[in-house]
Amino acid sequence: MIMKPYLIIGLGNPGLKYRKTRHNMGFMVVDYLSEKLACAVKKSRSQAQVGETIYKGSKLILAKPQTYMNRSGESAVELLGYYNLEIENLIVIYDDMDVDIGKVRIRKKGGSGTH
């Protein structure tokens with residue numbers, strides 16, 4: 001059985017000004033995954049930098065929207081359409097002021113909280 005790919009989107013803001021800020025945690029996680037999986041995230045697609053790889057038999061698509069944080073949903077919707085994926089195959093990584101530094105919260109549904 002062939003599984004649909006997972007789209008992993010790390011949210012942040014492009015540019016050196018934001019590079020090492022908490023607001024760019026999503027970009028930092030995608031950069032980390034990119035390094036660990038030897039997956040260059042350099043293709044330009046759907047307003048994002050994208051990389052594709054196979055991990056344990058599943059295709060992973062890593063993405064960093066280049067639309068700035070408040071418009072990242074535009075890129076996410078375009079990428080879901082381009083890859084013909086359902087929302088169940090989307091993982092979004094972002095910072096949240098309600099979560100202590102160094103902690104991770106995983107949830108299936110919810111709003112933006114105090115992002």
# chains A, B, ... in the order shown; residues from 1 in each chain; ligands from 1
>>> residues_around(residues="A:Met28", least_positions_apart="6", cutoff="10 Å", atoms="only C-alpha atoms", output="PyMOL selection string")
chain A and resi 10-12+19-22+34+64+93-94
>>> write_last_selection(atoms="all heavy atoms", output="short mmCIF file (atom, residue, chain, number, x, y, z; two decimals), in the first residue's frame")
data_model
loop_
_atom_site.label_atom_id
_atom_site.label_comp_id
_atom_site.auth_asym_id
_atom_site.auth_seq_id
_atom_site.Cartn_x
_atom_site.Cartn_y
_atom_site.Cartn_z
N GLY A 10 7.28 24.41 8.37
CA GLY A 10 7.80 25.17 9.50
C GLY A 10 7.54 26.64 9.27
O GLY A 10 7.92 27.19 8.24
N LEU A 11 6.83 27.27 10.22
CA LEU A 11 6.49 28.68 10.05
C LEU A 11 7.59 29.59 10.57
O LEU A 11 8.28 29.25 11.53
CB LEU A 11 5.17 28.99 10.76
CG LEU A 11 3.97 28.18 10.34
CD1 LEU A 11 2.71 28.73 11.00
CD2 LEU A 11 3.80 28.13 8.83
N GLY A 12 7.71 30.73 9.93
CA GLY A 12 8.70 31.73 10.31
C GLY A 12 8.63 32.90 9.36
O GLY A 12 7.70 33.02 8.57
N ARG A 19 16.16 35.44 11.64
CA ARG A 19 16.77 34.12 11.57
C ARG A 19 16.84 33.36 12.90
O ARG A 19 16.46 32.21 12.99
CB ARG A 19 18.15 34.22 10.96
CG ARG A 19 18.76 32.89 10.69
CD ARG A 19 19.97 33.02 9.82
NE ARG A 19 20.49 31.68 9.57
CZ ARG A 19 21.76 31.40 9.58
NH1 ARG A 19 22.64 32.35 9.80
NH2 ARG A 19 22.16 30.18 9.35
N LYS A 20 17.32 33.98 13.94
CA LYS A 20 17.53 33.28 15.22
C LYS A 20 16.51 33.69 16.28
O LYS A 20 16.77 33.58 17.47
CB LYS A 20 18.94 33.57 15.74
CG LYS A 20 20.03 33.09 14.83
CD LYS A 20 20.44 31.71 15.17
CE LYS A 20 21.62 31.31 14.28
NZ LYS A 20 22.05 30.00 14.51
N THR A 21 15.33 34.12 15.89
CA THR A 21 14.30 34.51 16.86
C THR A 21 13.37 33.34 17.14
O THR A 21 13.22 32.43 16.33
CB THR A 21 13.47 35.70 16.34
OG1 THR A 21 12.73 35.29 15.18
CG2 THR A 21 14.35 36.89 15.99
N ARG A 22 12.72 33.40 18.30
CA ARG A 22 11.77 32.35 18.67
C ARG A 22 10.64 32.24 17.63
O ARG A 22 10.12 31.16 17.38
CB ARG A 22 11.21 32.67 20.06
CG ARG A 22 10.22 31.63 20.53
CD ARG A 22 9.76 31.89 21.94
NE ARG A 22 8.75 30.92 22.31
CZ ARG A 22 8.32 30.70 23.51
NH1 ARG A 22 8.83 31.39 24.51
NH2 ARG A 22 7.40 29.81 23.74
N SER A 34 16.04 18.95 7.69
CA SER A 34 16.72 18.98 6.39
C SER A 34 18.14 18.44 6.51
O SER A 34 18.59 17.63 5.69
CB SER A 34 16.75 20.41 5.86
OG SER A 34 17.58 20.54 4.75
N LYS A 64 9.30 25.75 3.94
CA LYS A 64 9.41 26.99 4.69
C LYS A 64 8.75 28.09 3.85
O LYS A 64 9.34 28.58 2.89
CB LYS A 64 10.87 27.34 4.96
CG LYS A 64 11.58 26.31 5.80
CD LYS A 64 12.96 26.72 6.29
CE LYS A 64 13.88 27.30 5.29
NZ LYS A 64 15.24 27.54 5.79
N ILE A 93 4.66 23.36 12.16
CA ILE A 93 5.55 23.60 13.29
C ILE A 93 5.70 25.11 13.47
O ILE A 93 6.05 25.81 12.53
CB ILE A 93 6.92 22.94 13.07
CG1 ILE A 93 6.74 21.44 12.83
CG2 ILE A 93 7.85 23.22 14.25
CD1 ILE A 93 7.96 20.74 12.31
N TYR A 94 5.40 25.58 14.70
CA TYR A 94 5.49 27.01 14.97
C TYR A 94 5.71 27.24 16.46
O TYR A 94 5.52 26.34 17.27
CB TYR A 94 4.21 27.73 14.52
CG TYR A 94 2.96 27.26 15.20
CD1 TYR A 94 2.47 27.93 16.32
CD2 TYR A 94 2.27 26.13 14.75
CE1 TYR A 94 1.32 27.50 16.96
CE2 TYR A 94 1.12 25.70 15.37
CZ TYR A 94 0.65 26.38 16.48
OH TYR A 94 -0.49 25.94 17.11
#
>>> residues_around(residues="A:Cys39", least_positions_apart="5", cutoff="9 Å", atoms="only C-alpha atoms", output="PyMOL selection string")
chain A and resi 33-34+51-53+62
>>> closest_atom_pairs(of="stretch 30-60 of chain A", to="stretch 75-92 of chain A", cutoff="9 Å", atoms="only C-alpha atoms", output="Markdown table")
| residue | atom | partner | partner_atom | distance |
| --- | --- | --- | --- | --- |
| A:Arg45 | CA | A:Leu79 | CA | 7.7 |
| A:Ser46 | CA | A:Glu78 | CA | 5.6 |
| A:Gln47 | CA | A:Ser75 | CA | 5.4 |
| A:Ala48 | CA | A:Ser75 | CA | 6.5 |
>>> select_by_dssp(residues="chain A", states="strand (DSSP E)", output="VMD selection string")
chain A and resid 6 to 10 43 to 45 48 to 55 58 to 65 90 to 93
>>> closest_residue(among="A:Lys43, A:Lys4, A:Lys36, A:Lys108", to="A:Leu60", atoms="only C-alpha atoms")
A:Lys4
>>> closest_residue(among="A:Ile106, A:Val99, A:Ile54, A:Ala63", to="A:Val29", atoms="only C-alpha atoms")
A:Ala63
>>> closest_residue(among="A:Glu74, A:Val30, A:Thr67, A:Asp100", to="A:Lys42", atoms="only C-alpha atoms")
A:Val30
>>> select_by_dssp(residues="chain A", states="alpha helix (DSSP H)", output="list in words")
Met25, Gly26, Phe27, Met28, Val29, Val30, Asp31, Tyr32, Leu33, Ser34, Glu35, Lys36, Ser72, Gly73, Glu74, Ser75, Ala76, Val77, Glu78, Leu79, Leu80, Gly81 and Tyr82 of chain A
>>> write_last_selection(atoms="N, CA, C and O atoms", output="PDB file, in the first residue's frame")
ATOM      1  N   MET A  25      10.968  29.487  14.998  1.00  0.00           N
ATOM      2  CA  MET A  25      11.179  28.112  15.460  1.00  0.00           C
ATOM      3  C   MET A  25      10.812  27.099  14.378  1.00  0.00           C
ATOM      4  O   MET A  25      11.504  26.100  14.188  1.00  0.00           O
ATOM      5  N   GLY A  26       9.739  27.338  13.645  1.00  0.00           N
ATOM      6  CA  GLY A  26       9.341  26.415  12.578  1.00  0.00           C
ATOM      7  C   GLY A  26      10.419  26.273  11.516  1.00  0.00           C
ATOM      8  O   GLY A  26      10.726  25.168  11.064  1.00  0.00           O
ATOM      9  N   PHE A  27      11.017  27.388  11.113  1.00  0.00           N
ATOM     10  CA  PHE A  27      12.109  27.342  10.139  1.00  0.00           C
ATOM     11  C   PHE A  27      13.288  26.554  10.703  1.00  0.00           C
ATOM     12  O   PHE A  27      13.915  25.764  10.003  1.00  0.00           O
ATOM     13  N   MET A  28      13.593  26.788  11.989  1.00  0.00           N
ATOM     14  CA  MET A  28      14.726  26.107  12.609  1.00  0.00           C
ATOM     15  C   MET A  28      14.518  24.595  12.647  1.00  0.00           C
ATOM     16  O   MET A  28      15.457  23.834  12.396  1.00  0.00           O
ATOM     17  N   VAL A  29      13.302  24.160  12.931  1.00  0.00           N
ATOM     18  CA  VAL A  29      13.020  22.724  12.960  1.00  0.00           C
ATOM     19  C   VAL A  29      13.135  22.131  11.561  1.00  0.00           C
ATOM     20  O   VAL A  29      13.722  21.060  11.376  1.00  0.00           O
ATOM     21  N   VAL A  30      12.615  22.819  10.555  1.00  0.00           N
ATOM     22  CA  VAL A  30      12.746  22.318   9.178  1.00  0.00           C
ATOM     23  C   VAL A  30      14.212  22.273   8.770  1.00  0.00           C
ATOM     24  O   VAL A  30      14.654  21.316   8.130  1.00  0.00           O
ATOM     25  N   ASP A  31      14.989  23.273   9.147  1.00  0.00           N
ATOM     26  CA  ASP A  31      16.434  23.251   8.851  1.00  0.00           C
ATOM     27  C   ASP A  31      17.108  22.056   9.514  1.00  0.00           C
ATOM     28  O   ASP A  31      17.955  21.388   8.911  1.00  0.00           O
ATOM     29  N   TYR A  32      16.728  21.766  10.758  1.00  0.00           N
ATOM     30  CA  TYR A  32      17.284  20.616  11.476  1.00  0.00           C
ATOM     31  C   TYR A  32      16.918  19.316  10.762  1.00  0.00           C
ATOM     32  O   TYR A  32      17.779  18.458  10.529  1.00  0.00           O
ATOM     33  N   LEU A  33      15.645  19.151  10.426  1.00  0.00           N
ATOM     34  CA  LEU A  33      15.207  17.943   9.707  1.00  0.00           C
ATOM     35  C   LEU A  33      15.907  17.833   8.361  1.00  0.00           C
ATOM     36  O   LEU A  33      16.320  16.744   7.957  1.00  0.00           O
ATOM     37  N   SER A  34      16.045  18.951   7.687  1.00  0.00           N
ATOM     38  CA  SER A  34      16.723  18.979   6.389  1.00  0.00           C
ATOM     39  C   SER A  34      18.143  18.440   6.509  1.00  0.00           C
ATOM     40  O   SER A  34      18.591  17.630   5.692  1.00  0.00           O
ATOM     41  N   GLU A  35      18.845  18.865   7.549  1.00  0.00           N
ATOM     42  CA  GLU A  35      20.224  18.407   7.769  1.00  0.00           C
ATOM     43  C   GLU A  35      20.254  16.922   8.123  1.00  0.00           C
ATOM     44  O   GLU A  35      21.030  16.156   7.558  1.00  0.00           O
ATOM     45  N   LYS A  36      19.413  16.509   9.063  1.00  0.00           N
ATOM     46  CA  LYS A  36      19.411  15.114   9.515  1.00  0.00           C
ATOM     47  C   LYS A  36      18.988  14.146   8.419  1.00  0.00           C
ATOM     48  O   LYS A  36      19.444  13.005   8.381  1.00  0.00           O
ATOM     49  N   SER A  72       1.281  32.778   5.863  1.00  0.00           N
ATOM     50  CA  SER A  72       1.815  31.438   5.591  1.00  0.00           C
ATOM     51  C   SER A  72       0.727  30.450   5.185  1.00  0.00           C
ATOM     52  O   SER A  72       1.003  29.466   4.494  1.00  0.00           O
ATOM     53  N   GLY A  73      -0.500  30.703   5.576  1.00  0.00           N
ATOM     54  CA  GLY A  73      -1.606  29.830   5.181  1.00  0.00           C
ATOM     55  C   GLY A  73      -1.794  29.768   3.679  1.00  0.00           C
ATOM     56  O   GLY A  73      -2.186  28.733   3.132  1.00  0.00           O
ATOM     57  N   GLU A  74      -1.500  30.866   2.989  1.00  0.00           N
ATOM     58  CA  GLU A  74      -1.606  30.885   1.527  1.00  0.00           C
ATOM     59  C   GLU A  74      -0.679  29.844   0.911  1.00  0.00           C
ATOM     60  O   GLU A  74      -1.077  29.073   0.042  1.00  0.00           O
ATOM     61  N   SER A  75       0.535  29.823   1.377  1.00  0.00           N
ATOM     62  CA  SER A  75       1.512  28.863   0.886  1.00  0.00           C
ATOM     63  C   SER A  75       1.105  27.443   1.241  1.00  0.00           C
ATOM     64  O   SER A  75       1.195  26.524   0.412  1.00  0.00           O
ATOM     65  N   ALA A  76       0.636  27.238   2.481  1.00  0.00           N
ATOM     66  CA  ALA A  76       0.221  25.898   2.926  1.00  0.00           C
ATOM     67  C   ALA A  76      -0.896  25.352   2.045  1.00  0.00           C
ATOM     68  O   ALA A  76      -0.845  24.197   1.605  1.00  0.00           O
ATOM     69  N   VAL A  77      -1.895  26.177   1.765  1.00  0.00           N
ATOM     70  CA  VAL A  77      -3.013  25.738   0.921  1.00  0.00           C
ATOM     71  C   VAL A  77      -2.521  25.403  -0.488  1.00  0.00           C
ATOM     72  O   VAL A  77      -2.914  24.382  -1.067  1.00  0.00           O
ATOM     73  N   GLU A  78      -1.643  26.230  -1.035  1.00  0.00           N
ATOM     74  CA  GLU A  78      -1.095  25.963  -2.369  1.00  0.00           C
ATOM     75  C   GLU A  78      -0.315  24.646  -2.388  1.00  0.00           C
ATOM     76  O   GLU A  78      -0.434  23.867  -3.335  1.00  0.00           O
ATOM     77  N   LEU A  79       0.486  24.406  -1.365  1.00  0.00           N
ATOM     78  CA  LEU A  79       1.277  23.170  -1.313  1.00  0.00           C
ATOM     79  C   LEU A  79       0.388  21.941  -1.167  1.00  0.00           C
ATOM     80  O   LEU A  79       0.626  20.919  -1.826  1.00  0.00           O
ATOM     81  N   LEU A  80      -0.635  22.019  -0.330  1.00  0.00           N
ATOM     82  CA  LEU A  80      -1.572  20.900  -0.198  1.00  0.00           C
ATOM     83  C   LEU A  80      -2.202  20.587  -1.550  1.00  0.00           C
ATOM     84  O   LEU A  80      -2.333  19.419  -1.928  1.00  0.00           O
ATOM     85  N   GLY A  81      -2.576  21.617  -2.293  1.00  0.00           N
ATOM     86  CA  GLY A  81      -3.160  21.419  -3.616  1.00  0.00           C
ATOM     87  C   GLY A  81      -2.162  20.858  -4.614  1.00  0.00           C
ATOM     88  O   GLY A  81      -2.480  19.927  -5.365  1.00  0.00           O
ATOM     89  N   TYR A  82      -0.956  21.397  -4.612  1.00  0.00           N
ATOM     90  CA  TYR A  82       0.067  20.942  -5.552  1.00  0.00           C
ATOM     91  C   TYR A  82       0.358  19.455  -5.362  1.00  0.00           C
ATOM     92  O   TYR A  82       0.480  18.707  -6.330  1.00  0.00           O
TER      93      TYR A  82
END
>>> atom_distance(atom1="atom CA of A:Tyr68", atom2="atom CA of A:Ala40")
20.6 Å
>>> closest_residue(among="A:His23, A:Gly15, A:Ile101, A:Pro5", to="A:Tyr55", atoms="only C-alpha atoms")
A:Pro5
>>> atom_distance(atom1="atom CA of A:Lys17", atom2="atom CA of A:Asp96")
19.5 Å
>>> atom_distance(atom1="atom CA of A:Pro14", atom2="atom CA of A:Ser58")
28.1 Å
